[in-house]
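Raw contents of structure_27.tsv, TSV, N, CA and C atoms and all ligand atoms:
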chain	number	residue	atom	x	y	z
A	55	MET	N	-30.47	-10.22	21.25
A	55	MET	CA	-29.40	-9.57	22.01
A	55	MET	C	-29.20	-8.16	21.47
A	56	ARG	N	-29.13	-7.22	22.34
A	56	ARG	CA	-28.96	-5.84	21.91
A	56	ARG	C	-27.46	-5.53	21.77
A	57	VAL	N	-27.13	-4.91	20.63
A	57	VAL	CA	-25.73	-4.55	20.37
A	57	VAL	C	-25.58	-3.05	20.45
A	58	TYR	N	-24.65	-2.60	21.25
A	58	TYR	CA	-24.42	-1.17	21.40
A	58	TYR	C	-23.24	-0.74	20.52
A	59	ALA	N	-23.43	0.31	19.75
A	59	ALA	CA	-22.33	0.87	18.97
A	59	ALA	C	-21.53	1.79	19.88
A	60	ARG	N	-20.24	1.54	19.95
A	60	ARG	CA	-19.39	2.34	20.83
A	60	ARG	C	-18.47	3.22	20.00
A	61	THR	N	-18.37	4.46	20.36
A	61	THR	CA	-17.50	5.40	19.66
A	61	THR	C	-16.42	5.86	20.61
A	62	PRO	N	-15.15	5.74	20.21
A	62	PRO	CA	-14.07	6.21	21.09
A	62	PRO	C	-14.27	7.68	21.47
A	63	LEU	N	-13.97	8.00	22.70
A	63	LEU	CA	-14.21	9.37	23.18
A	63	LEU	C	-13.33	10.39	22.45
A	64	ASP	N	-12.16	9.93	21.97
A	64	ASP	CA	-11.25	10.87	21.31
A	64	ASP	C	-11.30	10.76	19.79
A	65	ILE	N	-12.41	10.26	19.25
A	65	ILE	CA	-12.51	10.02	17.80
A	65	ILE	C	-12.24	11.29	16.99
A	66	SER	N	-12.62	12.44	17.53
A	66	SER	CA	-12.44	13.68	16.76
A	66	SER	C	-10.97	14.09	16.68
A	67	LYS	N	-10.13	13.50	17.54
A	67	LYS	CA	-8.71	13.86	17.54
A	67	LYS	C	-7.86	12.89	16.72
A	68	VAL	N	-8.47	11.79	16.28
A	68	VAL	CA	-7.72	10.78	15.54
A	68	VAL	C	-7.43	11.25	14.13
A	69	ILE	N	-6.16	11.21	13.75
A	69	ILE	CA	-5.77	11.59	12.39
A	69	ILE	C	-5.28	10.33	11.67
A	70	VAL	N	-5.94	9.97	10.60
A	70	VAL	CA	-5.54	8.79	9.82
A	70	VAL	C	-4.35	9.17	8.95
A	71	PRO	N	-3.22	8.47	9.11
A	71	PRO	CA	-2.06	8.81	8.28
A	71	PRO	C	-2.29	8.43	6.82
A	72	ARG	N	-1.61	9.11	5.94
A	72	ARG	CA	-1.68	8.81	4.52
A	72	ARG	C	-0.27	8.52	4.02
A	73	GLY	N	-0.18	7.57	3.10
A	73	GLY	CA	1.13	7.21	2.57
A	73	GLY	C	1.16	7.28	1.06
A	74	GLN	N	2.35	7.40	0.52
A	74	GLN	CA	2.57	7.37	-0.92
A	74	GLN	C	3.46	6.17	-1.21
A	75	VAL	N	3.00	5.33	-2.12
A	75	VAL	CA	3.69	4.07	-2.41
A	75	VAL	C	4.80	4.30	-3.43
A	76	HIS	N	5.96	3.73	-3.15
A	76	HIS	CA	7.10	3.80	-4.06
A	76	HIS	C	7.59	2.38	-4.34
A	77	LEU	N	7.95	2.15	-5.60
A	77	LEU	CA	8.42	0.82	-6.00
A	77	LEU	C	9.79	0.95	-6.66
A	78	ILE	N	10.64	-0.01	-6.38
A	78	ILE	CA	11.92	-0.10	-7.09
A	78	ILE	C	11.74	-1.27	-8.07
A	79	PRO	N	11.31	-0.96	-9.30
A	79	PRO	CA	10.82	-2.01	-10.22
A	79	PRO	C	11.83	-3.12	-10.47
A	80	GLU	N	13.10	-2.77	-10.62
A	80	GLU	CA	14.07	-3.80	-10.99
A	80	GLU	C	14.30	-4.83	-9.88
A	81	ARG	N	13.89	-4.52	-8.65
A	81	ARG	CA	14.03	-5.49	-7.56
A	81	ARG	C	12.86	-6.46	-7.48
A	82	CYS	N	11.73	-6.05	-8.04
A	82	CYS	CA	10.48	-6.81	-7.85
A	82	CYS	C	10.52	-8.14	-8.61
A	83	LYS	N	9.96	-9.18	-7.99
A	83	LYS	CA	9.84	-10.46	-8.69
A	83	LYS	C	8.37	-10.86	-8.89
A	84	GLY	N	7.48	-9.89	-8.73
A	84	GLY	CA	6.08	-10.13	-9.07
A	84	GLY	C	5.38	-11.17	-8.24
A	85	CYS	N	5.80	-11.35	-7.00
A	85	CYS	CA	5.25	-12.43	-6.17
A	85	CYS	C	3.84	-12.12	-5.64
A	86	GLU	N	3.46	-10.84	-5.68
A	86	GLU	CA	2.13	-10.39	-5.25
A	86	GLU	C	1.90	-10.44	-3.74
A	87	ILE	N	2.94	-10.71	-2.97
A	87	ILE	CA	2.75	-10.75	-1.52
A	87	ILE	C	2.26	-9.40	-1.00
A	88	CYS	N	2.83	-8.33	-1.51
A	88	CYS	CA	2.40	-7.00	-1.07
A	88	CYS	C	0.93	-6.77	-1.41
A	89	VAL	N	0.52	-7.25	-2.57
A	89	VAL	CA	-0.87	-7.09	-2.99
A	89	VAL	C	-1.80	-7.84	-2.04
A	90	GLN	N	-1.42	-9.07	-1.72
A	90	GLN	CA	-2.27	-9.92	-0.89
A	90	GLN	C	-2.37	-9.42	0.56
A	91	PHE	N	-1.31	-8.80	1.06
A	91	PHE	CA	-1.28	-8.45	2.47
A	91	PHE	C	-1.63	-7.01	2.78
A	92	CYS	N	-1.80	-6.17	1.79
A	92	CYS	CA	-2.16	-4.77	2.07
A	92	CYS	C	-3.54	-4.74	2.74
A	93	PRO	N	-3.62	-4.26	3.96
A	93	PRO	CA	-4.91	-4.26	4.66
A	93	PRO	C	-5.94	-3.31	4.06
A	94	GLN	N	-5.47	-2.39	3.24
A	94	GLN	CA	-6.37	-1.43	2.61
A	94	GLN	C	-6.74	-1.83	1.18
A	95	ASN	N	-6.17	-2.95	0.72
A	95	ASN	CA	-6.39	-3.39	-0.67
A	95	ASN	C	-6.10	-2.26	-1.67
A	96	VAL	N	-4.96	-1.65	-1.46
A	96	VAL	CA	-4.57	-0.51	-2.28
A	96	VAL	C	-3.85	-0.96	-3.56
A	97	LEU	N	-3.24	-2.14	-3.52
A	97	LEU	CA	-2.34	-2.55	-4.60
A	97	LEU	C	-2.95	-3.61	-5.50
A	98	CYS	N	-2.45	-3.65	-6.72
A	98	CYS	CA	-2.79	-4.73	-7.64
A	98	CYS	C	-1.57	-4.95	-8.53
A	99	ILE	N	-1.57	-6.05	-9.26
A	99	ILE	CA	-0.47	-6.30	-10.20
A	99	ILE	C	-0.82	-5.65	-11.53
A	100	SER	N	0.12	-4.90	-12.05
A	100	SER	CA	-0.13	-4.18	-13.31
A	100	SER	C	0.25	-5.05	-14.50
A	101	ASP	N	0.02	-4.53	-15.67
A	101	ASP	CA	0.44	-5.20	-16.90
A	101	ASP	C	1.88	-4.86	-17.26
A	102	GLU	N	2.44	-3.90	-16.52
A	102	GLU	CA	3.81	-3.47	-16.80
A	102	GLU	C	4.81	-4.50	-16.27
A	103	ARG	N	5.83	-4.77	-17.07
A	103	ARG	CA	6.86	-5.73	-16.65
A	103	ARG	C	8.19	-5.02	-16.44
A	104	ASN	N	8.97	-5.53	-15.49
A	104	ASN	CA	10.30	-4.96	-15.28
A	104	ASN	C	11.31	-5.65	-16.22
A	105	GLN	N	12.57	-5.31	-16.07
A	105	GLN	CA	13.58	-5.85	-16.98
A	105	GLN	C	13.70	-7.36	-16.89
A	106	LYS	N	13.32	-7.94	-15.74
A	106	LYS	CA	13.39	-9.39	-15.59
A	106	LYS	C	12.16	-10.09	-16.17
A	107	GLY	N	11.18	-9.29	-16.55
A	107	GLY	CA	9.97	-9.87	-17.14
A	107	GLY	C	8.85	-10.09	-16.14
A	108	TYR	N	9.05	-9.66	-14.90
A	108	TYR	CA	8.00	-9.83	-13.89
A	108	TYR	C	7.02	-8.68	-13.95
A	109	ARG	N	5.75	-9.00	-13.80
A	109	ARG	CA	4.73	-7.95	-13.71
A	109	ARG	C	4.80	-7.31	-12.33
A	110	ILE	N	4.84	-6.00	-12.33
A	110	ILE	CA	5.08	-5.26	-11.08
A	110	ILE	C	3.76	-4.71	-10.51
A	111	PRO	N	3.73	-4.49	-9.20
A	111	PRO	CA	2.50	-3.97	-8.59
A	111	PRO	C	2.32	-2.47	-8.85
A	112	MET	N	1.11	-2.04	-8.66
A	112	MET	CA	0.78	-0.61	-8.80
A	112	MET	C	-0.35	-0.30	-7.83
A	113	VAL	N	-0.55	0.98	-7.61
A	113	VAL	CA	-1.70	1.42	-6.82
A	113	VAL	C	-2.94	1.36	-7.71
A	114	ILE	N	-3.99	0.75	-7.21
A	114	ILE	CA	-5.23	0.65	-7.97
A	114	ILE	C	-5.74	2.06	-8.28
A	115	PRO	N	-6.02	2.34	-9.55
A	115	PRO	CA	-6.54	3.67	-9.90
A	115	PRO	C	-7.77	4.02	-9.06
A	116	GLY	N	-7.75	5.21	-8.51
A	116	GLY	CA	-8.84	5.64	-7.64
A	116	GLY	C	-8.56	5.43	-6.17
A	117	LYS	N	-7.48	4.66	-5.86
A	117	LYS	CA	-7.16	4.41	-4.45
A	117	LYS	C	-5.87	5.13	-4.03
A	118	GLU	N	-5.52	6.17	-4.77
A	118	GLU	CA	-4.26	6.88	-4.52
A	118	GLU	C	-4.19	7.49	-3.12
A	119	THR	N	-5.32	7.77	-2.52
A	119	THR	CA	-5.30	8.40	-1.19
A	119	THR	C	-5.66	7.42	-0.08
A	120	GLU	N	-5.70	6.12	-0.37
A	120	GLU	CA	-6.17	5.16	0.63
A	120	GLU	C	-5.07	4.42	1.37
A	121	CYS	N	-3.82	4.61	0.95
A	121	CYS	CA	-2.71	4.02	1.70
A	121	CYS	C	-2.60	4.73	3.05
A	122	VAL	N	-2.50	3.95	4.13
A	122	VAL	CA	-2.43	4.53	5.47
A	122	VAL	C	-1.00	4.50	6.02
A	123	ASN	N	-0.04	4.26	5.13
A	123	ASN	CA	1.38	4.30	5.50
A	123	ASN	C	1.70	3.34	6.64
A	124	CYS	N	1.03	2.18	6.64
A	124	CYS	CA	1.27	1.20	7.71
A	124	CYS	C	2.60	0.46	7.50
A	125	GLU	N	3.14	0.53	6.29
A	125	GLU	CA	4.42	-0.07	5.93
A	125	GLU	C	4.40	-1.59	5.95
A	126	PHE	N	3.21	-2.16	5.93
A	126	PHE	CA	3.12	-3.62	5.95
A	126	PHE	C	3.67	-4.21	4.65
A	127	CYS	N	3.40	-3.52	3.53
A	127	CYS	CA	3.93	-4.01	2.25
A	127	CYS	C	5.46	-4.07	2.28
A	128	THR	N	6.06	-3.07	2.89
A	128	THR	CA	7.53	-3.04	3.01
A	128	THR	C	8.01	-4.20	3.87
A	129	LEU	N	7.27	-4.48	4.92
A	129	LEU	CA	7.66	-5.54	5.85
A	129	LEU	C	7.63	-6.92	5.20
A	130	VAL	N	6.62	-7.16	4.36
A	130	VAL	CA	6.46	-8.51	3.81
A	130	VAL	C	7.18	-8.72	2.47
A	131	CYS	N	7.62	-7.65	1.83
A	131	CYS	CA	8.27	-7.82	0.52
A	131	CYS	C	9.62	-8.51	0.69
A	132	PRO	N	9.80	-9.66	0.07
A	132	PRO	CA	11.07	-10.40	0.24
A	132	PRO	C	12.23	-9.77	-0.51
A	133	GLU	N	11.94	-8.82	-1.40
A	133	GLU	CA	13.00	-8.23	-2.24
A	133	GLU	C	13.30	-6.78	-1.88
A	134	PHE	N	12.70	-6.27	-0.83
A	134	PHE	CA	12.90	-4.86	-0.43
A	134	PHE	C	12.62	-3.94	-1.62
A	135	ALA	N	11.55	-4.24	-2.34
A	135	ALA	CA	11.26	-3.53	-3.57
A	135	ALA	C	10.19	-2.46	-3.43
A	136	ILE	N	9.50	-2.43	-2.28
A	136	ILE	CA	8.40	-1.49	-2.15
A	136	ILE	C	8.51	-0.79	-0.80
A	137	PHE	N	8.20	0.49	-0.80
A	137	PHE	CA	8.19	1.23	0.45
A	137	PHE	C	7.21	2.40	0.34
A	138	THR	N	6.88	2.96	1.46
A	138	THR	CA	5.96	4.10	1.45
A	138	THR	C	6.57	5.25	2.24
A	139	LEU	N	6.14	6.42	1.91
A	139	LEU	CA	6.53	7.63	2.62
A	139	LEU	C	5.27	8.37	3.02
A	140	PRO	N	5.34	9.17	4.07
A	140	PRO	CA	4.15	9.96	4.41
A	140	PRO	C	3.71	10.78	3.20
A	141	TRP	N	2.42	10.81	2.99
A	141	TRP	CA	1.88	11.51	1.82
A	141	TRP	C	2.08	13.00	1.97
A	142	ASN	N	2.66	13.60	0.92
A	142	ASN	CA	2.88	15.05	0.95
A	142	ASN	C	1.78	15.81	0.23
A	143	GLY	N	0.74	15.09	-0.15
A	143	GLY	CA	-0.37	15.76	-0.82
A	143	GLY	C	-0.24	15.77	-2.31
A	144	ASP	N	0.86	15.25	-2.84
A	144	ASP	CA	1.09	15.25	-4.29
A	144	ASP	C	1.21	13.81	-4.77
A	145	HIS	N	0.23	13.33	-5.52
A	145	HIS	CA	0.29	11.96	-6.02
A	145	HIS	C	0.69	11.90	-7.48
A	146	ASP	N	1.20	13.00	-8.01
A	146	ASP	CA	1.58	13.00	-9.41
A	146	ASP	C	3.01	12.53	-9.61
A	147	GLY	N	3.81	12.54	-8.58
A	147	GLY	CA	5.22	12.23	-8.79
A	147	GLY	C	5.75	11.20	-7.90
A	201	LIG	S1	1.68	1.02	3.52
A	201	LIG	FE1	-0.01	-0.32	4.19
A	201	LIG	S2	-1.85	0.57	3.28
A	201	LIG	FE2	-0.09	1.43	2.19
A	201	LIG	S3	0.19	0.11	0.38
A	201	LIG	FE3	1.53	-0.64	2.02
A	201	LIG	S4	0.36	-2.24	3.08
A	201	LIG	FE4	-1.08	-1.01	1.87
A	202	LIG	S1	6.12	-8.20	-2.46
A	202	LIG	FE1	7.89	-7.13	-3.35
A	202	LIG	S2	8.69	-8.56	-4.88
A	202	LIG	FE2	6.60	-9.24	-4.39
A	202	LIG	S3	5.29	-8.18	-5.92
A	202	LIG	FE3	5.37	-6.86	-4.10
A	202	LIG	S4	7.05	-5.43	-4.53
A	202	LIG	FE4	7.29	-7.15	-5.93

Take the structure in this file and express it as structure tokens.
Ligand code: SF4
Ligand code: SF4
Amino acid sequence: MRVYARTPLDISKVIVPRGQVHLIPERCKGCEICVQFCPQNVLCISDERNQKGYRIPMVIPGKETECVNCEFCTLVCPEFAIFTLPWNGDHDG
């Protein structure tokens, strides 16, 4: 069977959004739901613990520009502990 690769006609106009991940550490309970559900596999659980003793998520080193600001992590977090903002081009702060 022959498979045809199809390219959207407006592909050159598509702009992939970028997001910057923010965490409110003291709210996190380390459940890893955000890690499991991120479609870009941007997140992982770090070795850092919050005041409650839970290990908190972080952006995987090297994937700082791969968040697409889909806000899915925010949607699934049961503690309202993680959110993203449109990337302003600065990942240092
Ligand atoms: S906004 Fe989307 S891509 Fe970015 S970290 Fe959250 S789930 Fe992943
Ligand atoms: S889903 Fe929320 S509470 Fe669970 S690890 Fe992620 S930020 Fe923490």

| Skipping near chain neighbours, those fewer than 5 positions away, what residues fall within 6 Å of region 59-74 of chain A using only C-alpha atoms, listed as a list in words? | Cys121, Val122, Asn123, Thr138, Leu139, Pro140 and Trp141 of chain A

| message | Using only C-alpha atoms, which protein or nucleic acid residues come within 8 Å of Phe91 (chain A)? Drop anything in the same chain fewer than 2 positions from it, and give the result as a list in words. | response |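 With the cut-off at 8 Å, the set is Ile87, Cys88, Val89, Pro93, Asn95, Phe126, Cys127 and Val130 of chain A.
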
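When atom FE1 of ligand LIG 202 (chain A) is paired with CA of Gly143 (chain A), their separation reads 24.5 Å.
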
| With all atoms listed in the file as the atoms that count, which of A:Ile114, A:Cys85, A:Cys124, A:Leu129 lies nearest to ligand LIG 202 (chain A)? | A:Cys85

| task | Go through the chains and note each residue within 6 Å of ligand LIG 202 (chain A), using only N, CA and C atoms and all ligand atoms, then give the set as a PyMOL selection string. | result | chain A and resi 81-89+110-111+130-136

Saved selection, atoms kept: N, CA and C atoms, as a tab-separated table (two decimals), in the frame of the given file:
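Result file is part-v7.tsv:
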chain	number	residue	atom	x	y	z
A	81	ARG	N	13.89	-4.52	-8.65
A	81	ARG	CA	14.03	-5.49	-7.56
A	81	ARG	C	12.86	-6.46	-7.48
A	82	CYS	N	11.73	-6.05	-8.04
A	82	CYS	CA	10.48	-6.81	-7.85
A	82	CYS	C	10.52	-8.14	-8.61
A	83	LYS	N	9.96	-9.18	-7.99
A	83	LYS	CA	9.84	-10.46	-8.69
A	83	LYS	C	8.37	-10.86	-8.89
A	84	GLY	N	7.48	-9.89	-8.73
A	84	GLY	CA	6.08	-10.13	-9.07
A	84	GLY	C	5.38	-11.17	-8.24
A	85	CYS	N	5.80	-11.35	-7.00
A	85	CYS	CA	5.25	-12.43	-6.17
A	85	CYS	C	3.84	-12.12	-5.64
A	86	GLU	N	3.46	-10.84	-5.68
A	86	GLU	CA	2.13	-10.39	-5.25
A	86	GLU	C	1.90	-10.44	-3.74
A	87	ILE	N	2.94	-10.71	-2.97
A	87	ILE	CA	2.75	-10.75	-1.52
A	87	ILE	C	2.26	-9.40	-1.00
A	88	CYS	N	2.83	-8.33	-1.51
A	88	CYS	CA	2.40	-7.00	-1.07
A	88	CYS	C	0.93	-6.77	-1.41
A	89	VAL	N	0.52	-7.25	-2.57
A	89	VAL	CA	-0.87	-7.09	-2.99
A	89	VAL	C	-1.80	-7.84	-2.04
A	110	ILE	N	4.84	-6.00	-12.33
A	110	ILE	CA	5.08	-5.26	-11.08
A	110	ILE	C	3.76	-4.71	-10.51
A	111	PRO	N	3.73	-4.49	-9.20
A	111	PRO	CA	2.50	-3.97	-8.59
A	111	PRO	C	2.32	-2.47	-8.85
A	130	VAL	N	6.62	-7.16	4.36
A	130	VAL	CA	6.46	-8.51	3.81
A	130	VAL	C	7.18	-8.72	2.47
A	131	CYS	N	7.62	-7.65	1.83
A	131	CYS	CA	8.27	-7.82	0.52
A	131	CYS	C	9.62	-8.51	0.69
A	132	PRO	N	9.80	-9.66	0.07
A	132	PRO	CA	11.07	-10.40	0.24
A	132	PRO	C	12.23	-9.77	-0.51
A	133	GLU	N	11.94	-8.82	-1.40
A	133	GLU	CA	13.00	-8.23	-2.24
A	133	GLU	C	13.30	-6.78	-1.88
A	134	PHE	N	12.70	-6.27	-0.83
A	134	PHE	CA	12.90	-4.86	-0.43
A	134	PHE	C	12.62	-3.94	-1.62
A	135	ALA	N	11.55	-4.24	-2.34
A	135	ALA	CA	11.26	-3.53	-3.57
A	135	ALA	C	10.19	-2.46	-3.43
A	136	ILE	N	9.50	-2.43	-2.28
A	136	ILE	CA	8.40	-1.49	-2.15
A	136	ILE	C	8.51	-0.79	-0.80

| request: Mind listing the alpha helix (DSSP H) residues of chain A, per DSSP on the backbone, as a ChimeraX atom specification? | output: /A:87-91,126-130

| Where does DSSP see strand (DSSP E or B) in chain A, if you list the residues as a VMD selection string? | chain A and resid 73 to 77 97 to 103 109 to 113 136 to 140

| request: State, in Å with one decimal place, the distance from CA of Asn104 (chain A) to atom C of Thr128 (chain A). | output: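 Atom C of Thr128 (chain A) lies 19.3 Å from CA of Asn104 (chain A).
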
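Reported to one decimal place, the separation of CA of Arg109 (chain A) from CA of Glu125 (chain A) is 21.2 Å.
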
| field | Option closest in space to ligand LIG 201 (chain A), from A:Leu77, A:Arg103, A:Glu118, A:Val96 [counting all atoms listed in the file] | value |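 When distances to ligand LIG 201 (chain A) are compared using all atoms listed in the file, the smallest one comes from A:Val96.
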